[in-house]
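Heads up, the thing below is written out as structure tokens.
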Amino acid sequence: MAAHIGRRLRKGAATTALAAATVAALAASQAPGVTTDDQGRQTTGAQTTPETDVTTAQGGDGTATGNGGYYTDLPPLHSPTESPAPTAGPTPAGAAGTAESGIPATVLDAYKKAAAELQQSKPGCNLPWQLLAAIGKVESGQARGGQVDADGTTYSKILGPLLDGNGFANIRDTDHGAYDGDTTYDRAVGPMQFIPSTWAWAGRDGNHDGVKDPNNVYDAALAAGHYLCRSGRDLSVQSDMNAAILGYNASQDYLNTVLSWYEYYRKGTHEIPDGTGTVPRHRSDTDSGAHPGPKRAGTKKPGTHKPGTHKPGSHKPGSHKPGGTTTPSPDPSTPGAPKPKPPTASDTVARLADAGTGKLSARTGDTFDRKIAVTALTRAGKAVPKVRVRFTISGETDATFTSGETVATVVTDASGQATAPALVAGRKTGGFTVRALLVGRKVTAEYKATVVERQADTLARTSDTALTCTPGGEFADQVEVKATYKGAVADGVAATATLAKSADDPTENDKGPYFKDGEGHTVRTLTGLQTDAHGLLELPKLYADDTTGTFLLRITTAGGATLTVRLDVAAATSSPSPTPSGSTSPSPTA
């Protein structure tokens with residue numbers, strides 16, 4: 001990073017009467033730790049945090065963005081949950097409610113994946129994906145409304161203002177123009193607006209393609225997550241969150257704007273197609289009058305720029321406005337501005353064809369033995385590699401993918417095939433749907449899956465000991481059985497045990513042997529039984545009333561396995577009296 005910045009650079013909204021009134025109206029729904037004074041200005045408890053000092057010991061700017069410009073538009077006053085359902089297609093610029101709460105599909109996926117990765121690698125940080133969304137909104141308008149390809153790379157570079165010290169930080173070139181195209185000064189780059197010197201150590205490969213690209217929303221979102229989580233921060237603590245945001249861009253107005261969007265997204269958001277998001281209109285780094293307010297510290301008047309301070313050719317014509325501020329690269333949402341969107345691989349996909357998925361059925365708690373696989377094809381039937389397919393589980397089910405999630409995104413391989421992770425059945429039985437969607441396009445395929453009860457087709461006693469008892473007594477041995485299904489242990493199988501009237505009449509007997517419930521009452525039918533991990537089921541102790549005879553215990557399981565066990569109740573057999581010892585034999589008859 002480059003030279004010191006002697007003071008914080010003020011910029012943003014909430015400085016005019018209109019913005020102040022808007023912020024005041026947001027006070028009831030603002031993020032924790034934000035307060036509003038009688039002028040409608042938001043403040044937090046972070047102003048005295050060491051992280052707010054822009055100057056660092058290394059002489060750099062101390063922020064991810066170099067304190068460049070950002071979008072100052074605030075979220076709508078109404079909660080997104082109060083908005084009507086989203087409609088298809090783009091929404092006019094400036095429309096509130098559902099359009100603002102919608103986040104382009106690929107961009108939203110990148111935020112959620114980054115937060116999930118941080119939950120694994122830095123669980124103590126407690127990074128919410130909504131914070132990444134708030135920063136992405138303020139920095140780039142969610143990658144200019146989702147102008148990204150199937151891999152998450154922006155169609156054209158998103159560049160911040162020239163950091164030449166003229167109203168901004170003075171950061172001389174650190175990347176030889178590799179990222180920002182400028183070999184004299186640095187500029188913030190990409191959907192999360194990293195300056196090249198920060199990206200050099202903070203960059204991440206979020207889409208696992210072997211490249212750390214600040215123009216890729218997956219890479220940039222993961223890098224932003226790690227940047228926010230550094231220094232052992234816990235973002236569930238408001239002071240740590242404030243410090244993290246100010247470390248990203250050291251401006252109080254920036255902090256307030258990000259926190260407003262963070263709270264807005266926390267109340268509800270939804271996925272919209274790529275390229276249909278709304279892009280904010282007002283920026284902190286323009287003097288066009290679109291966003292009135294005080295000029296940035298250090299802004300120069302026309303004509304005050306000393307000749308020779310910039311190398312010839314280091315500025316593109318029109319890139320540096322009078323007054324010392326610069327404009328970001330063209331915004332496709334602005335009327336008349338170019339909207340570069342070259343054809344992508346996903347644009348050629350006409351359908352998602354089944355790739356031999358087969359029947360999807362599993363027992364509760366089991367992993368499905370078949371995986372869902374689709375092939376992306378053109379109209380001519382040619383396979384399309386390197387496009388993203390999102391698989392989503394829906395319906396009244398607790399089934400998940402092996403990751404424990406209900407959504408999985410997969411990139412098609414060289415043969416155009418995308419295979420979803422294996423499905424894992426929950427404890428709920430019944431059907432559900434898995435939908436395959438080509439990311440950024442309305443090309444889909446649907447699959448039906450079924451979860452059935454765990455079953456057994458065979459039951460057998462684990463002992464051949466005869467079960468006998470005297471009237472009014474208790475059986476010496478308890479009944480234990482083992483369940484199997486197709487020769488394998490049948491664990492977790494539901495079972496019922498009934499003391500039946502006869503082999504031909506399985507209804508409950510009203511006499512003979514019985515079980516006892518917890519209060520000692522007579523019970524002759526047991527429900528809710530289940531085999532253990534070894535397929536074993538041991539029944540409670542059996543007792544006998546005063547009725548003698550042969551009785552039947554009938555055990556049944558899900559899947560139709562049945563076993564009938566014989567129970568005998570008989571009076572004790574009396575033994576003959578022994579002959580008294582020493583008795584005298586009768587005398588023979590005379």
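Each chain of the structure tokens is named A, B, ... in the order shown, its residues numbered from 1; ligands are numbered from 1 in display order.
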
Non-local contacts of Gly206 of chain A (12 Å; only C-alpha atoms; under 3 positions in same chain excluded) as number ranges by chain: A: 109-118, 151-153, 202-203, 209-226

Assign secondary structure with DSSP using the backbone only, and return the residues of segment 361-581 of chain A in strand (DSSP E) as an mmCIF file with N, CA and C atoms, in the first residue's frame.
```cif
data_model
loop_
_atom_site.group_PDB
_atom_site.id
_atom_site.type_symbol
_atom_site.label_atom_id
_atom_site.label_comp_id
_atom_site.auth_asym_id
_atom_site.auth_seq_id
_atom_site.Cartn_x
_atom_site.Cartn_y
_atom_site.Cartn_z
ATOM 1 N N SER A 361 -34.807 -43.450 -4.773
ATOM 2 C CA SER A 361 -35.559 -43.932 -3.617
ATOM 3 C C SER A 361 -34.567 -44.403 -2.551
ATOM 4 N N ALA A 362 -34.893 -44.110 -1.314
ATOM 5 C CA ALA A 362 -34.016 -44.524 -0.210
ATOM 6 C C ALA A 362 -34.842 -44.673 1.051
ATOM 7 N N ARG A 363 -34.319 -45.435 1.988
ATOM 8 C CA ARG A 363 -34.957 -45.582 3.289
ATOM 9 C C ARG A 363 -34.578 -44.401 4.179
ATOM 10 N N ALA A 373 -27.853 -36.547 -12.285
ATOM 11 C CA ALA A 373 -26.856 -36.063 -13.243
ATOM 12 C C ALA A 373 -27.567 -35.528 -14.475
ATOM 13 N N VAL A 374 -27.137 -34.364 -14.933
ATOM 14 C CA VAL A 374 -27.702 -33.757 -16.134
ATOM 15 C C VAL A 374 -26.572 -33.397 -17.088
ATOM 16 N N THR A 375 -26.915 -33.287 -18.358
ATOM 17 C CA THR A 375 -25.962 -32.845 -19.366
ATOM 18 C C THR A 375 -26.498 -31.587 -20.032
ATOM 19 N N ALA A 376 -25.685 -30.530 -20.068
ATOM 20 C CA ALA A 376 -26.069 -29.286 -20.724
ATOM 21 C C ALA A 376 -25.842 -29.435 -22.219
ATOM 22 N N LEU A 377 -26.895 -29.209 -23.012
ATOM 23 C CA LEU A 377 -26.827 -29.416 -24.452
ATOM 24 C C LEU A 377 -27.302 -28.193 -25.212
ATOM 25 N N ARG A 388 -22.571 -23.486 -15.022
ATOM 26 C CA ARG A 388 -22.937 -23.817 -13.644
ATOM 27 C C ARG A 388 -24.390 -24.254 -13.567
ATOM 28 N N VAL A 389 -24.604 -25.347 -12.877
ATOM 29 C CA VAL A 389 -25.948 -25.892 -12.664
ATOM 30 C C VAL A 389 -26.214 -25.927 -11.171
ATOM 31 N N ARG A 390 -27.332 -25.352 -10.765
ATOM 32 C CA ARG A 390 -27.687 -25.321 -9.352
ATOM 33 C C ARG A 390 -28.786 -26.356 -9.092
ATOM 34 N N PHE A 391 -28.558 -27.252 -8.132
ATOM 35 C CA PHE A 391 -29.527 -28.275 -7.737
ATOM 36 C C PHE A 391 -30.176 -27.833 -6.425
ATOM 37 N N THR A 392 -31.506 -27.827 -6.381
ATOM 38 C CA THR A 392 -32.231 -27.362 -5.201
ATOM 39 C C THR A 392 -33.276 -28.388 -4.788
ATOM 40 N N ILE A 393 -33.277 -28.756 -3.503
ATOM 41 C CA ILE A 393 -34.263 -29.686 -2.953
ATOM 42 C C ILE A 393 -35.464 -28.889 -2.472
ATOM 43 N N SER A 394 -36.658 -29.308 -2.829
ATOM 44 C CA SER A 394 -37.873 -28.625 -2.376
ATOM 45 C C SER A 394 -38.932 -29.646 -2.022
ATOM 46 N N THR A 400 -31.386 -33.900 2.489
ATOM 47 C CA THR A 400 -30.356 -32.917 2.143
ATOM 48 C C THR A 400 -29.357 -33.568 1.196
ATOM 49 N N PHE A 401 -28.417 -32.750 0.712
ATOM 50 C CA PHE A 401 -27.250 -33.314 0.045
ATOM 51 C C PHE A 401 -26.243 -33.720 1.121
ATOM 52 N N VAL A 407 -29.088 -26.915 -1.219
ATOM 53 C CA VAL A 407 -28.697 -26.327 -2.504
ATOM 54 C C VAL A 407 -27.251 -26.702 -2.789
ATOM 55 N N ALA A 408 -26.974 -27.075 -4.025
ATOM 56 C CA ALA A 408 -25.600 -27.397 -4.430
ATOM 57 C C ALA A 408 -25.397 -26.900 -5.857
ATOM 58 N N THR A 409 -24.267 -26.258 -6.101
ATOM 59 C CA THR A 409 -23.947 -25.750 -7.432
ATOM 60 C C THR A 409 -22.746 -26.508 -7.979
ATOM 61 N N VAL A 410 -22.887 -26.990 -9.213
ATOM 62 C CA VAL A 410 -21.860 -27.824 -9.836
ATOM 63 C C VAL A 410 -21.560 -27.275 -11.227
ATOM 64 N N VAL A 411 -20.288 -27.271 -11.608
ATOM 65 C CA VAL A 411 -19.873 -26.844 -12.944
ATOM 66 C C VAL A 411 -19.804 -28.067 -13.850
ATOM 67 N N GLN A 417 -21.450 -32.612 -18.422
ATOM 68 C CA GLN A 417 -22.258 -33.238 -17.375
ATOM 69 C C GLN A 417 -22.008 -32.603 -16.015
ATOM 70 N N ALA A 418 -23.089 -32.411 -15.275
ATOM 71 C CA ALA A 418 -23.027 -31.947 -13.888
ATOM 72 C C ALA A 418 -23.728 -32.978 -13.021
ATOM 73 N N THR A 419 -23.015 -33.475 -12.030
ATOM 74 C CA THR A 419 -23.560 -34.493 -11.135
ATOM 75 C C THR A 419 -23.711 -33.899 -9.748
ATOM 76 N N LEU A 423 -27.788 -37.562 -2.414
ATOM 77 C CA LEU A 423 -28.889 -37.177 -1.534
ATOM 78 C C LEU A 423 -28.866 -38.044 -0.280
ATOM 79 N N VAL A 424 -29.230 -37.447 0.839
ATOM 80 C CA VAL A 424 -29.326 -38.173 2.102
ATOM 81 C C VAL A 424 -30.750 -38.030 2.625
ATOM 82 N N GLY A 430 -41.960 -39.968 2.306
ATOM 83 C CA GLY A 430 -42.745 -39.283 1.287
ATOM 84 C C GLY A 430 -41.876 -38.790 0.150
ATOM 85 N N GLY A 431 -42.498 -38.070 -0.793
ATOM 86 C CA GLY A 431 -41.798 -37.613 -1.972
ATOM 87 C C GLY A 431 -41.331 -36.172 -1.866
ATOM 88 N N PHE A 432 -40.323 -35.843 -2.669
ATOM 89 C CA PHE A 432 -39.854 -34.469 -2.783
ATOM 90 C C PHE A 432 -39.271 -34.288 -4.177
ATOM 91 N N THR A 433 -38.923 -33.038 -4.496
ATOM 92 C CA THR A 433 -38.446 -32.699 -5.836
ATOM 93 C C THR A 433 -37.045 -32.108 -5.761
ATOM 94 N N VAL A 434 -36.224 -32.467 -6.723
ATOM 95 C CA VAL A 434 -34.921 -31.824 -6.896
ATOM 96 C C VAL A 434 -34.944 -31.142 -8.258
ATOM 97 N N ARG A 435 -34.678 -29.837 -8.233
ATOM 98 C CA ARG A 435 -34.720 -29.040 -9.472
ATOM 99 C C ARG A 435 -33.300 -28.666 -9.887
ATOM 100 N N ALA A 436 -32.972 -28.938 -11.133
ATOM 101 C CA ALA A 436 -31.693 -28.530 -11.705
ATOM 102 C C ALA A 436 -31.930 -27.270 -12.525
ATOM 103 N N LEU A 437 -31.159 -26.218 -12.253
ATOM 104 C CA LEU A 437 -31.328 -24.934 -12.931
ATOM 105 C C LEU A 437 -29.994 -24.470 -13.479
ATOM 106 N N LEU A 438 -29.973 -24.101 -14.746
ATOM 107 C CA LEU A 438 -28.790 -23.488 -15.336
ATOM 108 C C LEU A 438 -28.669 -22.084 -14.772
ATOM 109 N N THR A 444 -34.269 -25.604 -17.021
ATOM 110 C CA THR A 444 -34.410 -26.449 -15.835
ATOM 111 C C THR A 444 -34.693 -27.909 -16.188
ATOM 112 N N ALA A 445 -34.534 -28.736 -15.199
ATOM 113 C CA ALA A 445 -34.952 -30.143 -15.240
ATOM 114 C C ALA A 445 -35.350 -30.525 -13.826
ATOM 115 N N GLU A 446 -36.377 -31.375 -13.702
ATOM 116 C CA GLU A 446 -36.861 -31.745 -12.372
ATOM 117 C C GLU A 446 -36.824 -33.259 -12.186
ATOM 118 N N TYR A 447 -36.569 -33.644 -10.932
ATOM 119 C CA TYR A 447 -36.493 -35.055 -10.570
ATOM 120 C C TYR A 447 -37.323 -35.305 -9.319
ATOM 121 N N LYS A 448 -38.037 -36.406 -9.322
ATOM 122 C CA LYS A 448 -38.823 -36.814 -8.162
ATOM 123 C C LYS A 448 -38.045 -37.863 -7.367
ATOM 124 N N ALA A 449 -38.067 -37.709 -6.068
ATOM 125 C CA ALA A 449 -37.384 -38.655 -5.179
ATOM 126 C C ALA A 449 -38.334 -39.082 -4.073
ATOM 127 N N THR A 450 -38.109 -40.257 -3.536
ATOM 128 C CA THR A 450 -38.996 -40.807 -2.511
ATOM 129 C C THR A 450 -38.189 -41.352 -1.343
ATOM 130 N N VAL A 451 -38.689 -41.065 -0.148
ATOM 131 C CA VAL A 451 -38.111 -41.626 1.075
ATOM 132 C C VAL A 451 -39.137 -42.583 1.677
ATOM 133 N N VAL A 452 -38.731 -43.818 1.906
ATOM 134 C CA VAL A 452 -39.631 -44.824 2.476
ATOM 135 C C VAL A 452 -39.120 -45.242 3.843
ATOM 136 N N THR A 458 -37.027 -60.171 7.025
ATOM 137 C CA THR A 458 -36.871 -61.394 7.817
ATOM 138 C C THR A 458 -36.711 -61.042 9.293
ATOM 139 N N LEU A 459 -37.393 -61.829 10.148
ATOM 140 C CA LEU A 459 -37.246 -61.728 11.598
ATOM 141 C C LEU A 459 -36.927 -63.117 12.138
ATOM 142 N N ALA A 460 -36.012 -63.178 13.096
ATOM 143 C CA ALA A 460 -35.669 -64.469 13.706
ATOM 144 C C ALA A 460 -35.286 -64.254 15.158
ATOM 145 N N ARG A 461 -35.650 -65.229 16.007
ATOM 146 C CA ARG A 461 -35.240 -65.152 17.405
ATOM 147 C C ARG A 461 -33.739 -65.387 17.504
ATOM 148 N N THR A 468 -41.668 -70.536 28.767
ATOM 149 C CA THR A 468 -42.723 -71.125 29.598
ATOM 150 C C THR A 468 -42.867 -70.328 30.890
ATOM 151 N N CYS A 469 -44.075 -70.507 31.492
ATOM 152 C CA CYS A 469 -44.355 -69.771 32.727
ATOM 153 C C CYS A 469 -45.497 -70.462 33.459
ATOM 154 N N GLU A 480 -36.023 -61.797 22.238
ATOM 155 C CA GLU A 480 -35.147 -60.948 21.441
ATOM 156 C C GLU A 480 -35.145 -61.474 20.012
ATOM 157 N N VAL A 481 -35.270 -60.543 19.045
ATOM 158 C CA VAL A 481 -35.285 -60.932 17.641
ATOM 159 C C VAL A 481 -34.267 -60.088 16.875
ATOM 160 N N LYS A 482 -33.867 -60.603 15.698
ATOM 161 C CA LYS A 482 -32.975 -59.864 14.817
ATOM 162 C C LYS A 482 -33.652 -59.684 13.470
ATOM 163 N N ALA A 483 -33.602 -58.436 12.943
ATOM 164 C CA ALA A 483 -34.228 -58.115 11.668
ATOM 165 C C ALA A 483 -33.161 -57.959 10.587
ATOM 166 N N THR A 484 -33.445 -58.457 9.396
ATOM 167 C CA THR A 484 -32.544 -58.284 8.250
ATOM 168 C C THR A 484 -33.358 -57.873 7.036
ATOM 169 N N TYR A 485 -32.661 -57.245 6.085
ATOM 170 C CA TYR A 485 -33.300 -56.856 4.830
ATOM 171 C C TYR A 485 -32.361 -57.228 3.699
ATOM 172 N N ALA A 488 -28.960 -58.200 4.853
ATOM 173 C CA ALA A 488 -28.161 -57.242 5.619
ATOM 174 C C ALA A 488 -28.920 -56.827 6.874
ATOM 175 N N VAL A 489 -28.172 -56.358 7.854
ATOM 176 C CA VAL A 489 -28.783 -55.886 9.091
ATOM 177 C C VAL A 489 -29.802 -54.798 8.789
ATOM 178 N N ALA A 494 -39.118 -49.913 12.253
ATOM 179 C CA ALA A 494 -40.254 -49.851 13.175
ATOM 180 C C ALA A 494 -40.895 -51.227 13.302
ATOM 181 N N ALA A 495 -41.332 -51.532 14.510
ATOM 182 C CA ALA A 495 -41.926 -52.849 14.761
ATOM 183 C C ALA A 495 -43.082 -52.729 15.743
ATOM 184 N N THR A 496 -43.964 -53.752 15.713
ATOM 185 C CA THR A 496 -45.106 -53.852 16.631
ATOM 186 C C THR A 496 -45.155 -55.277 17.183
ATOM 187 N N ALA A 497 -45.454 -55.411 18.464
ATOM 188 C CA ALA A 497 -45.585 -56.736 19.093
ATOM 189 C C ALA A 497 -46.978 -56.856 19.689
ATOM 190 N N THR A 498 -47.698 -57.937 19.343
ATOM 191 C CA THR A 498 -49.069 -58.133 19.811
ATOM 192 C C THR A 498 -49.242 -59.560 20.319
ATOM 193 N N LEU A 499 -49.848 -59.713 21.496
ATOM 194 C CA LEU A 499 -50.246 -61.031 21.994
ATOM 195 C C LEU A 499 -51.584 -61.341 21.340
ATOM 196 N N ALA A 500 -51.519 -62.195 20.269
ATOM 197 C CA ALA A 500 -52.661 -62.418 19.394
ATOM 198 C C ALA A 500 -53.560 -63.543 19.907
ATOM 199 N N PHE A 515 -47.559 -57.743 28.863
ATOM 200 C CA PHE A 515 -46.467 -56.858 29.260
ATOM 201 C C PHE A 515 -46.997 -55.891 30.310
ATOM 202 N N LYS A 516 -46.110 -55.124 30.892
ATOM 203 C CA LYS A 516 -46.519 -54.063 31.814
ATOM 204 C C LYS A 516 -46.004 -52.719 31.303
ATOM 205 N N THR A 522 -51.497 -53.690 32.735
ATOM 206 C CA THR A 522 -51.419 -54.751 31.736
ATOM 207 C C THR A 522 -51.476 -54.175 30.324
ATOM 208 N N VAL A 523 -50.532 -54.599 29.461
ATOM 209 C CA VAL A 523 -50.477 -54.167 28.062
ATOM 210 C C VAL A 523 -50.226 -55.397 27.202
ATOM 211 N N THR A 525 -50.308 -55.067 23.578
ATOM 212 C CA THR A 525 -49.817 -54.609 22.271
ATOM 213 C C THR A 525 -48.784 -53.515 22.505
ATOM 214 N N LEU A 526 -47.608 -53.682 21.897
ATOM 215 C CA LEU A 526 -46.548 -52.690 21.993
ATOM 216 C C LEU A 526 -46.315 -52.074 20.616
ATOM 217 N N THR A 527 -46.398 -50.751 20.533
ATOM 218 C CA THR A 527 -46.131 -50.040 19.287
ATOM 219 C C THR A 527 -44.916 -49.123 19.468
ATOM 220 N N GLY A 528 -44.441 -48.577 18.356
ATOM 221 C CA GLY A 528 -43.304 -47.650 18.427
ATOM 222 C C GLY A 528 -41.983 -48.321 18.716
ATOM 223 N N LEU A 529 -41.903 -49.627 18.545
ATOM 224 C CA LEU A 529 -40.646 -50.338 18.747
ATOM 225 C C LEU A 529 -39.726 -50.091 17.553
ATOM 226 N N GLN A 530 -38.422 -50.246 17.742
ATOM 227 C CA GLN A 530 -37.469 -50.031 16.660
ATOM 228 C C GLN A 530 -36.220 -50.856 16.884
ATOM 229 N N LEU A 536 -31.218 -55.552 16.180
ATOM 230 C CA LEU A 536 -31.790 -56.317 17.291
ATOM 231 C C LEU A 536 -32.950 -55.567 17.945
ATOM 232 N N LEU A 537 -33.902 -56.341 18.446
ATOM 233 C CA LEU A 537 -35.034 -55.796 19.197
ATOM 234 C C LEU A 537 -35.315 -56.724 20.379
ATOM 235 N N GLU A 538 -35.152 -56.213 21.589
ATOM 236 C CA GLU A 538 -35.454 -56.983 22.792
ATOM 237 C C GLU A 538 -36.734 -56.448 23.401
ATOM 238 N N GLY A 549 -52.446 -72.498 29.146
ATOM 239 C CA GLY A 549 -52.604 -72.849 27.741
ATOM 240 C C GLY A 549 -51.421 -72.376 26.921
ATOM 241 N N THR A 550 -51.567 -72.513 25.594
ATOM 242 C CA THR A 550 -50.546 -72.057 24.651
ATOM 243 C C THR A 550 -51.001 -70.749 24.010
ATOM 244 N N PHE A 551 -50.098 -69.775 23.983
ATOM 245 C CA PHE A 551 -50.444 -68.440 23.465
ATOM 246 C C PHE A 551 -49.408 -68.035 22.426
ATOM 247 N N LEU A 552 -49.780 -67.032 21.611
ATOM 248 C CA LEU A 552 -48.916 -66.599 20.516
ATOM 249 C C LEU A 552 -48.570 -65.113 20.640
ATOM 250 N N LEU A 553 -47.272 -64.823 20.454
ATOM 251 C CA LEU A 553 -46.789 -63.446 20.387
ATOM 252 C C LEU A 553 -46.415 -63.169 18.932
ATOM 253 N N ARG A 554 -47.055 -62.178 18.326
ATOM 254 C CA ARG A 554 -46.850 -61.883 16.902
ATOM 255 C C ARG A 554 -46.068 -60.563 16.786
ATOM 256 N N ILE A 555 -44.905 -60.606 16.110
ATOM 257 C CA ILE A 555 -44.067 -59.419 15.910
ATOM 258 C C ILE A 555 -44.036 -59.097 14.416
ATOM 259 N N THR A 556 -44.345 -57.848 14.045
ATOM 260 C CA THR A 556 -44.338 -57.426 12.643
ATOM 261 C C THR A 556 -43.478 -56.170 12.494
ATOM 262 N N THR A 557 -42.914 -55.990 11.296
ATOM 263 C CA THR A 557 -42.067 -54.821 11.028
ATOM 264 C C THR A 557 -42.527 -54.144 9.746
ATOM 265 N N THR A 562 -42.653 -60.849 9.506
ATOM 266 C CA THR A 562 -43.503 -61.281 10.625
ATOM 267 C C THR A 562 -42.895 -62.501 11.294
ATOM 268 N N LEU A 563 -42.980 -62.548 12.623
ATOM 269 C CA LEU A 563 -42.508 -63.699 13.395
ATOM 270 C C LEU A 563 -43.518 -63.991 14.487
ATOM 271 N N THR A 564 -43.904 -65.281 14.611
ATOM 272 C CA THR A 564 -44.829 -65.706 15.661
ATOM 273 C C THR A 564 -44.056 -66.554 16.674
ATOM 274 N N VAL A 565 -44.146 -66.160 17.935
ATOM 275 C CA VAL A 565 -43.406 -66.823 19.010
ATOM 276 C C VAL A 565 -44.408 -67.534 19.922
ATOM 277 N N ARG A 566 -44.125 -68.799 20.275
ATOM 278 C CA ARG A 566 -45.024 -69.589 21.127
ATOM 279 C C ARG A 566 -44.711 -69.352 22.599
ATOM 280 N N LEU A 567 -45.764 -69.169 23.388
ATOM 281 C CA LEU A 567 -45.660 -68.974 24.835
ATOM 282 C C LEU A 567 -46.541 -70.020 25.524
ATOM 283 N N ASP A 568 -45.969 -70.745 26.487
ATOM 284 C CA ASP A 568 -46.727 -71.782 27.211
ATOM 285 C C ASP A 568 -46.885 -71.392 28.664
ATOM 286 N N VAL A 569 -48.147 -71.457 29.133
ATOM 287 C CA VAL A 569 -48.443 -71.215 30.546
ATOM 288 C C VAL A 569 -49.081 -72.494 31.086
#
```

Exercise. List the neighbours of Asp149 of chain A out to 10 Å using only C-alpha atoms; skip same-chain residues closer than 4 positions along the sequence, and give me the result as a PyMOL selection string.
Key: chain A and resi 106+153-155+216-217+274-275+341-347+387-388+439-440

Could you please take those selected residues and save N, CA, C and O atoms as a short mmCIF file (atom, residue, chain, number, x, y, z; two decimals), in the first residue's frame?
```cif
data_model
loop_
_atom_site.label_atom_id
_atom_site.label_comp_id
_atom_site.auth_asym_id
_atom_site.auth_seq_id
_atom_site.Cartn_x
_atom_site.Cartn_y
_atom_site.Cartn_z
N THR A 106 -26.03 -15.50 -9.14
CA THR A 106 -24.62 -15.88 -9.00
C THR A 106 -23.94 -15.09 -7.90
O THR A 106 -23.13 -15.63 -7.14
N THR A 153 -17.43 -14.22 -13.24
CA THR A 153 -16.52 -13.14 -13.63
C THR A 153 -17.30 -12.03 -14.32
O THR A 153 -18.15 -12.30 -15.18
N THR A 154 -17.02 -10.79 -13.95
CA THR A 154 -17.73 -9.65 -14.53
C THR A 154 -17.44 -9.56 -16.02
O THR A 154 -16.33 -9.82 -16.47
N TYR A 155 -18.46 -9.13 -16.80
CA TYR A 155 -18.29 -9.03 -18.24
C TYR A 155 -17.26 -7.96 -18.61
O TYR A 155 -16.57 -8.07 -19.62
N ASN A 216 -13.67 -11.69 -10.30
CA ASN A 216 -14.58 -12.83 -10.13
C ASN A 216 -15.28 -12.70 -8.79
O ASN A 216 -14.62 -12.55 -7.76
N VAL A 217 -16.60 -12.76 -8.79
CA VAL A 217 -17.35 -12.49 -7.57
C VAL A 217 -17.13 -13.57 -6.51
O VAL A 217 -17.18 -13.30 -5.31
N ASP A 274 -29.45 -13.31 -13.01
CA ASP A 274 -28.27 -12.48 -13.25
C ASP A 274 -28.59 -11.41 -14.29
O ASP A 274 -29.31 -11.64 -15.25
N GLY A 275 -28.04 -10.23 -14.07
CA GLY A 275 -28.20 -9.14 -15.03
C GLY A 275 -29.47 -8.33 -14.86
O GLY A 275 -29.69 -7.37 -15.60
N LYS A 341 -21.92 -7.31 -22.99
CA LYS A 341 -22.31 -8.63 -22.54
C LYS A 341 -22.06 -9.61 -23.67
O LYS A 341 -22.97 -9.98 -24.41
N PRO A 342 -20.82 -10.02 -23.82
CA PRO A 342 -20.51 -10.95 -24.90
C PRO A 342 -21.21 -12.29 -24.66
O PRO A 342 -21.54 -12.62 -23.53
N PRO A 343 -21.44 -13.04 -25.70
CA PRO A 343 -22.09 -14.35 -25.54
C PRO A 343 -21.27 -15.24 -24.62
O PRO A 343 -20.04 -15.21 -24.63
N THR A 344 -21.95 -15.99 -23.81
CA THR A 344 -21.29 -16.91 -22.89
C THR A 344 -21.68 -18.34 -23.20
O THR A 344 -22.64 -18.59 -23.96
N ALA A 345 -20.98 -19.26 -22.60
CA ALA A 345 -21.29 -20.67 -22.81
C ALA A 345 -22.72 -20.98 -22.40
O ALA A 345 -23.42 -21.74 -23.07
N SER A 346 -23.18 -20.39 -21.28
CA SER A 346 -24.52 -20.68 -20.80
C SER A 346 -25.59 -20.20 -21.77
O SER A 346 -26.69 -20.75 -21.82
N ASP A 347 -25.28 -19.15 -22.57
CA ASP A 347 -26.25 -18.65 -23.54
C ASP A 347 -26.55 -19.69 -24.62
O ASP A 347 -27.59 -19.62 -25.28
N VAL A 387 -20.35 -24.69 -17.55
CA VAL A 387 -21.49 -23.87 -17.15
C VAL A 387 -21.95 -24.37 -15.78
O VAL A 387 -21.76 -25.53 -15.44
N ARG A 388 -22.57 -23.49 -15.02
CA ARG A 388 -22.94 -23.82 -13.64
C ARG A 388 -24.39 -24.25 -13.57
O ARG A 388 -25.28 -23.60 -14.12
N VAL A 439 -27.58 -21.81 -14.06
CA VAL A 439 -27.43 -20.53 -13.37
C VAL A 439 -27.46 -19.39 -14.38
O VAL A 439 -26.76 -19.40 -15.38
N GLY A 440 -28.31 -18.39 -14.08
CA GLY A 440 -28.44 -17.23 -14.94
C GLY A 440 -29.42 -17.39 -16.09
O GLY A 440 -29.67 -16.44 -16.82
#
```

One decimal place gives the atom CA of Ser251 of chain A-atom CA of Asn67 of chain A separation as 7.7 Å

Worksheet entry | Using only C-alpha atoms: which of A:Ala188, A:Leu131, A:Val107, A:Ala456 has the shortest distance to Asp173 of chain A |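 The closest residue to Asp173 of chain A is A:Ala188.
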